[in-house]
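Undergrad: Here's a structure for you.
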Amino acid sequence: MQQKFIRRSGVILQPKHIKRVIARVAEKFESPEAFDRKAREEAAQFPREDIWELTAFFHNPPDKPDEVRDEFNNLGEWMEVCQDAVFAILYHIGEASLPILDRFAFGTYDWTQVKALRTLCRLANQGIQTEKIVGEILFNLPYLEQARDQAIYYLAGVKCDLPELKEAIAREIAERQAGDPVAALSIIGNLANVSPEAAKEYADFLRGLMR
């Protein structure tokens with residue numbers, strides 16, 4: 001089988017280089033600050049024309065570095081940590097990552113869908129195409145199925161004044177108050193981070209849970 005190469009400004013960049021980038025970020029996972037800092041550093045150097053290549057390793061993670069040889073040994077754990085590393089890099093790359101994030105957020109469900117939705121909402125909170133991102137998630141909400149609860153949770157934490165968002169959050173909370181109060185509580189908790197006044201509207205519901 002012919003090996004695939006990635007070209008950057010006339011230089012041949014091998015897939016093993018992409019794997020090293022992912023592994024260098026993933027090995028910092030247990031320290032959120034170090035993980036974020038390393039993802040930011042790698043994102044700053046990563047060639048924008050090659051960012052799609054990162055997605056080739058969502059289900060084909062690099063080997064674990066010696067530094068974390070005895071960590072992340074549960075089934076699928078290292079693969080998930082590497083997925084988180086890729087999405088952290090994409091987040092720090094920023095707006096150029098939106099086409100990739102859209103594809104995985106609104107495509108076939110797997111672990112990457114939830115992570116893509118979370119990353120989109122993080123970017124929206126940074127003021128990057130906020131209304132467009134929120135509008136796309138709201139439009140696709142009926143089709144998200146297994147990722148719907150997570151999508152609502154992340155949306156509740158986005159700073160955005162779109163009336164459609166406020167209506168959707170209120171509707172989703174109302175639907176869960178009787179049948180799944182824990183999920184409703186989770187959404188309200190994230191809403192309180194960006195809109196305490198809106199969260200106060202559920203004071204009676206919260207008192208009821210306390211009782």
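We name chains A, B, ... following the order of the structure tokens; residues begin at 1 in each chain, and ligands are numbered from 1 as shown.
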Which residues, written as a PyMOL selection string, have at least one atom at most 9 Å from segment 127-139 of chain A, with only C-alpha atoms counted and residues fewer than 5 positions away on the same chain left out?
TA: chain A and resi 94-95+98+102+105-106+117+120-121+151-152+155+158-162+164-165+168
Undergrad: Determine, counting only C-alpha atoms, which protein, DNA and RNA residues have an atom within 12 Å of an atom of Tyr202 of chain A; residues of the same chain fewer than 4 positions away are not included. Present the result as a list in words.
TA: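 Everything that qualifies: Ala170, Ile173, Ala174, Gln177, Pro181, Ala184, Leu185, Ile187, Ile188, Gly189, Leu191, Ala192, Pro196, Glu197, Ala198, Leu206, Arg207, Gly208 and Leu209 of chain A.
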Undergrad: Could you pull out the helix (DSSP H, G or I) residues of segment 17-190 of chain A from DSSP and send them as a PyMOL selection string?
TA: chain A and resi 17-26+32-45+48-57+66-68+77-105+111-125+130-143+145-156+163-179+181-190
Undergrad: Might you pull out every residue within 12 Å of Glu77 of chain A, with only C-alpha atoms counted and same-chain residues fewer than 3 positions away left off, and present them as a VMD selection string?
TA: chain A and resid 26 29 59 61 64 71 to 74 80 to 84 111
Undergrad: Counting only C-alpha atoms, which of A:Glu172, A:Asp70, A:Glu42, A:Glu49 gets nearest to His17 of chain A?
TA: A:Glu42
Undergrad: State, in Å with one decimal place, the distance from atom CA of Thr108 of chain A to atom CA of Phe87 of chain A.
TA: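 These atoms are spaced 16.9 Å apart.
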Undergrad: Can you list every residue in chain A that DSSP puts in strand (DSSP E or B), as number ranges by chain?
TA: A: 6-8, 11-13
Undergrad: Work out how far atom CA of Lys19 of chain A is from atom CA of Pro62 of chain A, in Å to one decimal.
TA: 5.2 Å
